[in-house]
Structure formats: C-alpha cells, structure tokens
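Here is the file query_2.txt (compact mmCIF, C-alpha atoms and all ligand atoms).
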```txt
# COMPACT_ATOMS: atom_id res chain seq x y z
CA VAL D 1 -3.45 -27.71 9.28
CA SER D 2 -1.18 -24.66 9.31
CA GLN D 3 -2.39 -21.14 8.59
CA PHE D 4 -0.23 -18.67 6.64
CA ASP D 5 -1.21 -15.01 6.60
CA VAL D 6 0.41 -13.26 3.65
CA PHE D 7 -0.04 -9.50 3.47
CA ASN D 8 1.34 -6.35 1.94
CA GLY D 9 3.27 -4.38 4.58
CA ASP D 10 1.37 -1.13 4.04
CA ALA D 11 -1.57 0.30 6.03
CA ASP D 12 -4.09 -1.43 3.78
CA GLY D 13 -2.46 -4.85 4.10
CA ILE D 14 -1.90 -4.62 7.86
CA CYS D 15 -5.42 -3.27 8.54
CA ALA D 16 -6.99 -5.97 6.34
CA LEU D 17 -5.12 -8.70 8.21
CA HIS D 18 -5.92 -7.11 11.56
CA LEU D 19 -9.66 -7.04 10.70
CA ALA D 20 -9.56 -10.67 9.56
CA ARG D 21 -7.82 -11.85 12.74
CA LEU D 22 -9.88 -9.70 15.12
CA ASP D 23 -12.94 -11.28 13.57
CA HIS D 24 -11.50 -14.80 13.48
CA PRO D 25 -8.40 -15.18 15.69
CA LEU D 26 -5.94 -17.78 14.42
CA ASP D 27 -2.31 -18.46 15.16
CA ALA D 28 -0.69 -17.97 11.77
CA THR D 29 2.76 -17.77 10.25
CA LEU D 30 3.18 -14.24 8.87
CA VAL D 31 4.71 -13.53 5.47
CA THR D 32 5.14 -9.88 4.49
CA GLY D 33 7.61 -7.28 3.27
CA VAL D 34 8.00 -3.69 2.14
CA LYS D 35 5.19 -2.27 0.01
CA ARG D 36 6.92 -3.04 -3.27
CA ASP D 37 7.84 -6.57 -2.23
CA ILE D 38 4.66 -8.17 -3.54
CA LYS D 39 5.79 -11.57 -4.85
CA LEU D 40 5.12 -13.09 -1.46
CA LEU D 41 3.23 -16.30 -2.31
CA ALA D 42 6.30 -17.95 -3.85
CA ARG D 43 7.96 -18.01 -0.44
CA VAL D 44 5.05 -19.55 1.50
CA PRO D 45 6.10 -23.06 2.67
CA ALA D 46 2.52 -24.37 2.90
CA ALA D 47 1.79 -28.07 2.37
CA SER D 48 -1.27 -30.07 1.35
CA GLY D 49 -4.28 -29.20 3.51
CA ASP D 50 -2.79 -25.92 4.82
CA HIS D 51 -4.61 -22.61 4.49
CA VAL D 52 -3.29 -19.34 3.07
CA LEU D 53 -4.90 -15.92 3.39
CA ALA D 54 -3.42 -13.55 0.77
CA LEU D 55 -4.09 -9.84 1.28
CA ASP D 56 -3.38 -6.78 -0.82
CA ILE D 57 -0.83 -8.37 -3.18
CA SER D 58 -1.44 -8.47 -6.94
CA LEU D 59 -2.71 -11.87 -8.08
CA ASP D 60 -1.17 -11.41 -11.52
CA SER D 61 2.24 -10.79 -9.91
CA ASN D 62 1.82 -13.86 -7.68
CA LEU D 63 0.35 -16.19 -10.29
CA GLU D 64 3.26 -18.62 -10.31
CA GLY D 65 3.36 -18.89 -6.52
CA LEU D 66 -0.43 -19.18 -6.37
CA GLU D 67 -0.57 -21.99 -8.92
CA ALA D 68 2.20 -23.84 -7.10
CA LEU D 69 0.26 -23.62 -3.81
CA LEU D 70 -2.96 -24.83 -5.44
CA ALA D 71 -1.10 -27.69 -7.13
CA ARG D 72 0.27 -28.72 -3.71
CA GLY D 73 -3.27 -28.99 -2.32
CA VAL D 74 -3.28 -25.71 -0.34
CA ARG D 75 -6.54 -23.77 0.11
CA VAL D 76 -6.11 -20.07 -0.72
CA ARG D 77 -8.37 -17.18 0.15
CA TYR D 78 -7.40 -14.12 -1.89
CA VAL D 79 -8.62 -10.61 -1.03
CA ASP D 80 -7.23 -7.74 -3.07
CA HIS D 81 -7.86 -4.66 -5.21
CA HIS D 82 -5.09 -4.85 -7.81
CA ARG D 83 -5.67 -5.93 -11.42
CA ALA D 84 -6.18 -9.67 -11.71
CA ASP D 85 -6.47 -10.66 -15.35
CA ASN D 86 -5.23 -14.24 -14.87
CA ARG D 87 -7.36 -15.54 -12.01
CA PRO D 88 -7.11 -19.38 -12.01
CA ASP D 89 -10.38 -21.29 -11.90
CA HIS D 90 -9.66 -23.75 -9.09
CA PRO D 91 -11.95 -25.26 -6.42
CA SER D 92 -9.40 -24.48 -3.64
CA LEU D 93 -9.16 -20.79 -4.58
CA ASP D 94 -11.65 -18.32 -3.11
CA THR D 95 -11.26 -14.74 -4.39
CA LEU D 96 -12.69 -11.41 -3.28
CA ILE D 97 -11.18 -8.96 -5.74
CA ASP D 98 -12.47 -5.51 -6.71
CA THR D 99 -10.38 -3.03 -8.68
CA ALA D 100 -12.72 -0.03 -8.31
CA PRO D 101 -10.62 3.07 -7.45
CA SER D 102 -12.72 3.78 -4.33
CA ILE D 103 -12.06 0.29 -2.87
CA ASN D 104 -9.04 -1.17 -1.13
CA THR D 105 -8.32 -4.44 0.64
CA SER D 106 -9.19 -3.25 4.14
CA LEU D 107 -12.56 -1.98 2.84
CA LEU D 108 -13.18 -5.37 1.20
CA MET D 109 -12.28 -7.02 4.51
CA HIS D 110 -14.54 -4.55 6.34
CA THR D 111 -17.46 -5.96 4.34
CA ALA D 112 -16.23 -9.54 4.71
CA VAL D 113 -16.23 -9.31 8.53
CA GLY D 114 -19.68 -7.74 8.64
CA GLY D 115 -18.49 -4.25 9.51
CA ARG D 116 -16.90 -5.14 12.88
CA PHE D 117 -13.91 -3.13 14.19
CA ALA D 118 -14.66 -0.52 11.52
CA GLY D 119 -12.08 1.95 12.85
CA TRP D 120 -9.32 -0.16 11.33
CA ALA D 121 -11.06 -0.10 7.93
CA VAL D 122 -11.16 3.70 8.22
CA VAL D 123 -7.41 3.71 8.99
CA GLY D 124 -6.74 1.50 5.97
CA ALA D 125 -8.81 3.77 3.72
CA PHE D 126 -6.99 6.90 4.91
CA GLY D 127 -3.69 5.08 4.36
CA ASP D 128 -4.55 4.66 0.69
CA ASN D 129 -5.52 8.30 0.27
CA LEU D 130 -9.24 7.36 0.05
CA ASP D 131 -10.19 10.27 2.30
CA GLU D 132 -13.78 10.66 1.07
CA VAL D 133 -14.59 6.98 1.64
CA ALA D 134 -12.83 7.05 5.01
CA LEU D 135 -14.73 10.15 6.18
CA THR D 136 -18.08 8.75 5.05
CA LEU D 137 -17.51 5.37 6.70
CA GLY D 138 -16.02 6.95 9.82
CA GLY D 139 -18.91 9.41 10.10
CA ASP D 140 -21.43 6.58 9.76
CA GLU D 141 -19.59 4.74 12.53
CA GLY D 142 -19.98 7.74 14.84
CA PHE D 143 -16.36 8.90 15.05
CA SER D 144 -15.99 12.59 15.94
CA GLU D 145 -13.99 14.98 13.77
CA ALA D 146 -11.09 14.80 16.23
CA ASP D 147 -11.21 10.98 16.16
CA LEU D 148 -11.25 10.97 12.37
CA ASP D 149 -8.24 13.25 12.31
CA LEU D 150 -6.33 10.84 14.55
CA LEU D 151 -7.39 7.84 12.39
CA ARG D 152 -6.23 9.73 9.30
CA ARG D 153 -2.82 10.48 10.84
CA LEU D 154 -2.47 6.82 11.84
CA GLY D 155 -3.37 5.62 8.33
CA VAL D 156 -0.92 8.04 6.76
CA VAL D 157 2.04 6.97 8.92
CA MET D 158 1.25 3.24 8.67
CA ASN D 159 1.21 3.59 4.90
CA TYR D 160 4.37 5.71 4.94
CA ASN D 161 6.17 3.09 7.04
CA ALA D 162 5.89 0.45 4.28
CA TYR D 163 7.92 2.41 1.74
CA GLY D 164 11.54 1.47 1.27
CA ALA D 165 13.69 -0.73 -0.93
CA THR D 166 14.20 -3.28 1.88
CA PRO D 167 12.83 -3.71 5.43
CA GLU D 168 16.09 -2.14 6.68
CA ASP D 169 14.97 1.22 5.25
CA LEU D 170 11.85 1.21 7.44
CA HIS D 171 11.41 2.62 10.95
CA ILE D 172 9.61 -0.59 12.00
CA LYS D 173 9.32 -3.79 9.97
CA PRO D 174 5.75 -4.60 8.81
CA GLU D 175 5.53 -7.83 10.79
CA ALA D 176 6.59 -5.99 13.96
CA LEU D 177 4.09 -3.20 13.29
CA TYR D 178 1.30 -5.75 12.90
CA ARG D 179 2.33 -7.32 16.22
CA ARG D 180 2.10 -3.88 17.85
CA VAL D 181 -1.45 -3.23 16.60
CA GLN D 182 -2.60 -6.83 17.17
CA PRO D 183 -3.73 -6.30 20.82
CA PHE D 184 -5.84 -3.24 19.90
CA ALA D 185 -9.41 -3.68 18.62
CA ASP D 186 -9.68 0.13 18.74
CA PRO D 187 -7.20 2.11 16.60
CA LEU D 188 -7.76 5.25 18.72
CA LEU D 189 -6.45 3.39 21.78
CA PHE D 190 -3.46 2.14 19.79
CA ALA D 191 -2.63 5.69 18.69
CA ARG D 192 -2.93 7.01 22.25
CA GLN D 193 -1.33 4.17 24.22
CA ASP D 194 1.45 2.69 22.06
CA ASP D 195 4.46 4.93 21.39
CA THR D 196 4.90 3.38 17.91
CA PHE D 197 2.46 5.94 16.53
CA SER D 198 4.32 9.02 17.81
CA ALA D 199 7.69 7.57 16.72
CA LEU D 200 6.36 6.99 13.21
CA GLU D 201 4.81 10.43 13.06
CA GLN D 202 8.09 12.09 14.08
CA GLY D 203 9.98 10.12 11.40
CA TYR D 204 7.33 11.04 8.89
CA HIS D 205 7.59 14.77 9.59
CA ASP D 206 11.41 14.72 9.40
CA ASP D 207 11.32 12.91 6.03
CA MET D 208 8.58 15.14 4.59
CA GLU D 209 10.55 18.25 5.47
CA ARG D 210 13.46 16.92 3.41
CA ALA D 211 11.11 15.99 0.52
CA ARG D 212 9.39 19.38 0.36
CA ALA D 213 12.78 21.03 -0.09
CA VAL D 214 13.27 19.25 -3.45
CA ALA D 215 12.37 21.31 -6.56
CA ALA D 216 10.41 19.69 -9.43
CA ASP D 217 12.35 18.54 -12.50
CA GLN D 218 9.49 19.40 -14.81
CA VAL D 219 6.06 20.85 -14.08
CA THR D 220 3.02 21.81 -16.20
CA ASP D 221 -0.71 22.13 -15.43
CA ARG D 222 -1.11 18.46 -16.38
CA HIS D 223 1.90 16.65 -14.98
CA ALA D 224 4.94 17.05 -12.74
CA VAL D 225 8.14 15.02 -12.37
CA TYR D 226 10.40 14.93 -9.30
CA ARG D 227 13.77 13.20 -8.82
CA PHE D 228 14.97 12.11 -5.38
CA PRO D 229 18.44 10.94 -4.27
CA ALA D 230 19.39 7.35 -3.30
CA THR D 231 18.89 7.79 0.45
CA LYS D 232 16.82 5.99 3.10
CA TRP D 233 14.62 9.03 3.76
CA ALA D 234 13.84 9.40 0.04
CA ARG D 235 12.95 5.70 -0.30
CA ARG D 236 10.72 5.95 2.77
CA VAL D 237 8.84 9.15 2.01
CA GLY D 238 8.47 9.07 -1.77
CA GLY D 239 5.02 7.42 -1.91
CA VAL D 240 3.48 9.63 0.74
CA PHE D 241 5.03 12.76 -0.76
CA ALA D 242 3.47 11.76 -4.11
CA ASN D 243 0.09 11.45 -2.36
CA GLU D 244 0.52 14.92 -0.86
CA LEU D 245 1.30 16.34 -4.31
CA ALA D 246 -1.77 14.58 -5.73
CA ARG D 247 -4.03 16.17 -3.11
CA ALA D 248 -2.52 19.62 -3.56
CA HIS D 249 -2.85 19.54 -7.39
CA ARG D 250 -5.91 17.46 -8.17
CA ALA D 251 -5.87 17.98 -11.96
CA ARG D 252 -2.21 17.05 -12.31
CA ALA D 253 -0.51 13.65 -12.72
CA HIS D 254 2.68 13.13 -10.68
CA ALA D 255 5.74 10.98 -11.18
CA LEU D 256 8.43 10.62 -8.56
CA LEU D 257 11.74 9.07 -9.64
CA THR D 258 13.91 7.93 -6.72
CA SER D 259 17.50 7.06 -7.60
CA LEU D 260 18.65 3.47 -7.05
CA ASP D 261 22.07 2.76 -5.53
CA ASP D 262 23.25 1.06 -8.74
CA GLY D 263 21.76 3.58 -11.22
CA GLY D 264 18.27 3.95 -12.64
CA TYR D 265 15.15 4.81 -10.67
CA VAL D 266 12.24 3.38 -8.79
CA VAL D 267 9.11 5.24 -9.99
CA SER D 268 5.84 6.17 -8.26
CA VAL D 269 3.00 7.48 -10.45
CA ARG D 270 -0.16 9.14 -9.16
CA ALA D 271 -2.96 9.79 -11.66
CA PRO D 272 -4.81 13.11 -11.16
CA LEU D 273 -7.35 12.72 -8.34
CA ASP D 274 -9.90 14.40 -10.64
CA ASN D 275 -9.28 11.69 -13.27
CA PRO D 276 -7.94 8.64 -11.41
CA THR D 277 -7.20 6.33 -14.33
CA GLY D 278 -4.35 5.12 -16.50
CA ALA D 279 -1.49 4.89 -14.00
CA ASP D 280 -1.49 1.07 -14.16
CA GLU D 281 -1.46 1.06 -17.96
CA LEU D 282 1.37 3.59 -18.16
CA CYS D 283 3.54 1.68 -15.68
CA SER D 284 2.65 -1.75 -17.07
CA SER D 285 4.19 -0.79 -20.40
CA PHE D 286 7.60 -1.03 -18.67
CA PRO D 287 8.91 -4.51 -17.76
CA THR D 288 8.94 -4.00 -13.97
CA GLY D 289 5.84 -1.80 -13.77
CA GLY D 290 2.36 -2.38 -12.39
CA GLY D 291 -0.24 -1.16 -9.93
CA ARG D 292 -3.71 0.29 -9.82
CA LYS D 293 -5.66 2.76 -11.93
CA GLY D 294 -4.97 5.71 -9.66
CA ALA D 295 -1.56 4.77 -8.27
CA ALA D 296 1.11 2.62 -9.87
CA GLY D 297 4.86 2.23 -10.08
CA ILE D 298 7.92 0.88 -11.83
CA ASN D 299 10.49 -1.04 -9.81
CA ARG D 300 13.36 -0.17 -12.13
CA LEU D 301 13.49 2.52 -14.81
CA ASP D 302 16.89 2.86 -16.46
CA GLU D 303 18.28 6.35 -17.04
CA VAL D 304 18.12 5.73 -20.81
CA ASP D 305 14.31 5.22 -20.56
CA VAL D 306 13.55 8.32 -18.47
CA ALA D 307 12.85 10.64 -21.42
CA ARG D 308 10.49 8.08 -23.01
CA PHE D 309 8.69 7.59 -19.69
CA VAL D 310 8.22 11.35 -19.20
CA ASP D 311 6.88 11.68 -22.78
CA MET D 312 4.39 8.86 -22.14
CA LEU D 313 3.30 10.48 -18.88
CA ALA D 314 2.71 13.79 -20.66
CA VAL D 315 0.72 12.10 -23.46
CA ALA D 316 -1.33 9.95 -21.05
CA TYR D 317 -2.55 13.01 -19.14
CA ALA D 318 -2.49 15.67 -21.90
MN MN D 401 -3.66 -1.82 -1.08
```
Would you mind writing the structure in this file as structure tokens?
Ligand SMILES: [Mn+2]
Amino acid sequence: VSQFDVFNGDADGICALHLARLDHPLDATLVTGVKRDIKLLARVPAASGDHVLALDISLDSNLEGLEALLARGVRVRYVDHHRADNRPDHPSLDTLIDTAPSINTSLLMHTAVGGRFAGWAVVGAFGDNLDEVALTLGGDEGFSEADLDLLRRLGVVMNYNAYGATPEDLHIKPEALYRRVQPFADPLLFARQDDTFSALEQGYHDDMERARAVAADQVTDRHAVYRFPATKWARRVGGVFANELARAHRARAHALLTSLDDGGYVVSVRAPLDNPTGADELCSSFPTGGGRKGAAGINRLDEVDVARFVDMLAVAYA
C-alpha cells in the first residue's frame, strides 16, 4: 500500500499536512503546487489499495481526478473548506469538509488530531487571515503575545510563499518548504532555528514595498480595484497585499488584477471582512473562477471582460 499526500502549497495546506503527519507519521509521496494549482488529484498515480490524503484543494475542481481514483480502488480521505457541491457517495471516500468562513483546513485537521501540535493550526489560521480564530486558539493554548506575533508572521509568509503562476515564481517550492518544517513539532522553534523563515520574511517585505507603491485603479467606500504588472514580485505578493487591504478597509471589497504574460489578468477578490460573503459566487460566474465566500479568484480574465467584472463587483457589494 502506497500513501500519497496531496496538499495545497499554501500555509493552510502545509500546516494541515504537517499536523496529520506529526500525529500519524507515514512515508508518503507528496503532490503539491502553487496556491492556484489545485487540480492535483488528476496527477496522483495511485493504484488499487493505495491511500490518498487530499488537503485544502476544492473537491468540485478535483471531481474528475477523485472519481478516477475511486474507480481504480483507491481509498481517499478528503479534508477541505472549499465549496463541494458534487461530493460523490462512495464507500472508499471519507470527507471532512466545512465551508464556514471561520474554518480552514488546518483548523479541521487540528480537531481531527485531537488538538495536538496546536501551534501549527494557529499558524495555518493566521496564514488564511483568520486572526480572531488564531488569537483565540493560541491564547487557549497558552502562547504569549510575543509568541502569537511570531506565529502570525510565520503564517503570513508561508501563505505568501504559495502565490505565483508557477513554482519558479516562488522563493521556495511548497514541497521543499514542507520538508523544512517537517522536523519541527513546534513552529516557534522552526521560526527561530531555520533560516527559511527570515529569508521568506525579507522577500515578503521587499515585495510588499513594491505593491504599496501601486495606486488604485478605482476606489469607493464599497470596493477598490488594483492592477499589477506581469512580474514575479506581483504574482508572489498579490494575495497577501489583498489581505492587507481587506484588513485596512473592513467595509470594502477588493479586487486585484495581475497582468498575465500573454494578456488578460489573474484576479484575486476579497469580500469585505465585515460582510465576508459572495466572493465565490462573483468569481464562479467566470469560466476559470472559484474559491470561498470571503476570498476567491479567477485564473484568467480577458481584458475585454474587465469592465463587466468591475461592474459585477460594484453591484455585489453596493
Ligand atoms: Mn485553505
């Protein structure tokens, strides 16, 4: 029996996998990618009797790959917080899926492992901008304010590191980042002892400085739209910059359009933190869009559709 661990390359995906394997160590083949590279199940070469753990990747987006695995006799455990309207009813499929906006995959895994190694669940929650949940859980676990600040910084840079069009855009590829955290049951020790954290934080600050220098395309009390150039730094920092905007303007929806090399844009949408709904529906009305209620995206928006998208954003959050 072979084990395949399939996970989103962001903080949530890496922390969820890390919790699962700290709790139950197994030698697994890793399958992952950049944050937007979510159709991961289709490339899992599992055979009859093998086991797959799928973390933090939309079931709806992976339905074809999932059904192929189940048809081949593979057992699949699926833990996720993205919309899953087409969950197959199959005896070899075990799902733990919750789309509540205050839940993510590492928090689901936190519960699944009985609350062990909770620091990594706190990191995963901070990585998804779930600061209130992270502070509550971290406080209950006895972390000091200084510890929580370090866990927050770690979550932010692990999440930031997953953004890019391809793994070549990233400072460190998600599989390599997981291998770096793998020896550390305590995220505070990882942050203090492994130089990956300081390297990521330096890269993060350099990219954010470039992002903050960009003026908004359009801004009202209710929504704002930014356009970024087709550069590595823009592809890396866009998602985290959108989170920063969301925190700074809680009543406002934000859309960030990052230019693609061959024209068009990749789009990140953040619903207002005071009203964290509708981002998935807005993005899903475009062919390559999807995501969660509070944060969603479109993989390709053509220039000709930009005006229609901006109108829909304005209407959705009027
Ligand atoms: Mn996630």
Please produce, as a Markdown table, a per-residue contact table for segment 124-224 of chain D versus segment 11-29 of chain D (criterion: any atom at most 12 Å away, all atoms listed in the file considered), showing the nearest atom pair and its distance in Å to one decimal, sorted by chain then residue number.
```
| residue | atom | partner | partner_atom | distance |
| --- | --- | --- | --- | --- |
| D:Gly124 | CA | D:Asp12 | CA | 4.5 |
| D:Ala125 | CA | D:Asp12 | CA | 7.0 |
| D:Phe126 | CA | D:Ala11 | CA | 8.6 |
| D:Gly127 | CA | D:Ala11 | CA | 5.5 |
| D:Asp128 | CA | D:Asp12 | CA | 6.8 |
| D:Asn129 | CA | D:Asp12 | CA | 10.4 |
| D:Leu130 | CA | D:Asp12 | CA | 10.8 |
| D:Leu151 | CA | D:Ala11 | CA | 11.5 |
| D:Arg152 | CA | D:Ala11 | CA | 11.0 |
| D:Arg153 | CA | D:Ala11 | CA | 11.3 |
| D:Leu154 | CA | D:Ala11 | CA | 8.8 |
| D:Gly155 | CA | D:Ala11 | CA | 6.1 |
| D:Val156 | CA | D:Ala11 | CA | 7.8 |
| D:Val157 | CA | D:Ala11 | CA | 8.1 |
| D:Met158 | CA | D:Ala11 | CA | 4.9 |
| D:Asn159 | CA | D:Ala11 | CA | 4.5 |
| D:Tyr160 | CA | D:Ala11 | CA | 8.1 |
| D:Asn161 | CA | D:Ala11 | CA | 8.3 |
| D:Ala162 | CA | D:Ala11 | CA | 7.7 |
| D:Tyr163 | CA | D:Ala11 | CA | 10.6 |
| D:Lys173 | CA | D:Ile14 | CA | 11.4 |
| D:Pro174 | CA | D:Ile14 | CA | 7.7 |
| D:Glu175 | CA | D:Ile14 | CA | 8.6 |
| D:Ala176 | CA | D:Ile14 | CA | 10.5 |
| D:Leu177 | CA | D:Ile14 | CA | 8.2 |
| D:Tyr178 | CA | D:Ile14 | CA | 6.1 |
| D:Arg179 | CA | D:His18 | CA | 9.5 |
| D:Arg180 | CA | D:His18 | CA | 10.7 |
| D:Val181 | CA | D:His18 | CA | 7.8 |
| D:Gln182 | CA | D:His18 | CA | 6.5 |
| D:Pro183 | CA | D:Leu22 | CA | 9.0 |
| D:Phe184 | CA | D:Leu22 | CA | 9.0 |
| D:Ala185 | CA | D:Leu22 | CA | 7.0 |
| D:Asp186 | CA | D:Leu22 | CA | 10.5 |
| D:Pro187 | CA | D:Cys15 | CA | 9.9 |
```
Exercise. Between D:Ala295, D:Ala318, D:Val304, D:Leu260, which one has atoms that come closest to Ala246 of chain D, using all atoms listed in the file?
Worked result: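 Among the listed residues, D:Ala295 lies closest to Ala246 of chain D.
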For this session: Please write out the residues within 8 Å of ligand MN 401 (chain D) as a PyMOL selection string, counting only C-alpha atoms and all ligand atoms.
Result: chain D and resi 8+10-13+56-57+80-82+104-106+128
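Straight-line separation from atom CA of Leu137 of chain D to atom CA of Tyr78 of chain D: 23.6 Å.
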Exercise. Counting only C-alpha atoms, what is within 12 Å of Glu244 of chain D, bar same-chain residues fewer than 3 positions away, as a list in words?
Worked result: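 Counting only C-alpha atoms, the residues come to Gly127, Asp128, Asn129, Val156, Tyr160, Met208, Ala211, Arg212, Val237, Gly238, Gly239, Val240, Phe241, Arg247, Ala248, His249, Arg250, Arg252, Ala253, His254, Leu256, Arg270, Pro272 and Leu273 of chain D.
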Exercise. When you draw a straight line from atom CA of Lys35 of chain D to atom CA of Gly290 of chain D, how long is it in Å?
Worked result: 12.7 Å
For this session: Show which residues sit within 10 Å of segment 58-75 of chain D, as a PyMOL selection string. Count all atoms listed in the file, and ignore same-chain residues fewer than 5 positions away.
Result: chain D and resi 1-3+8+38-53+80-88+90-95+97+290-292
Seminar exercise, completed: Shortest contact to Gly203 of chain D, candidates D:Val123, D:Ala165, D:Leu170, D:Val219, atoms counted only C-alpha atoms, goes to D:Leu170
Exercise. Closest to Leu200 of chain D among D:Ala224, D:Val269, D:Ala213, D:Ile172, using all atoms listed in the file?
Worked result: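 Smallest separation from Leu200 of chain D among the options: D:Ile172.
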For this session: For atom CA of Asn299 of chain D and atom CA of Val267 of chain D, quote the distance in Å rounded to one decimal.
Result: 6.4 Å
Problem set entry | Close residues, Val214 of chain D itself excluded, 10 Å, all atoms listed in the file, min 5 positions apart in chain, as a list of chain:residue names |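 So the residues in contact are D:Glu209, D:Tyr226, D:Arg227, D:Phe228, D:Pro229.
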For this session: With a distance cut-off of 8 Å and only C-alpha atoms, select the neighbouring residues of segment 279-288 of chain D, excluding the residue or stretch itself and same-chain residues fewer than 5 positions from it, and output the selection as number ranges by chain.
Result: D: 269-271, 293-301, 312-313, 316
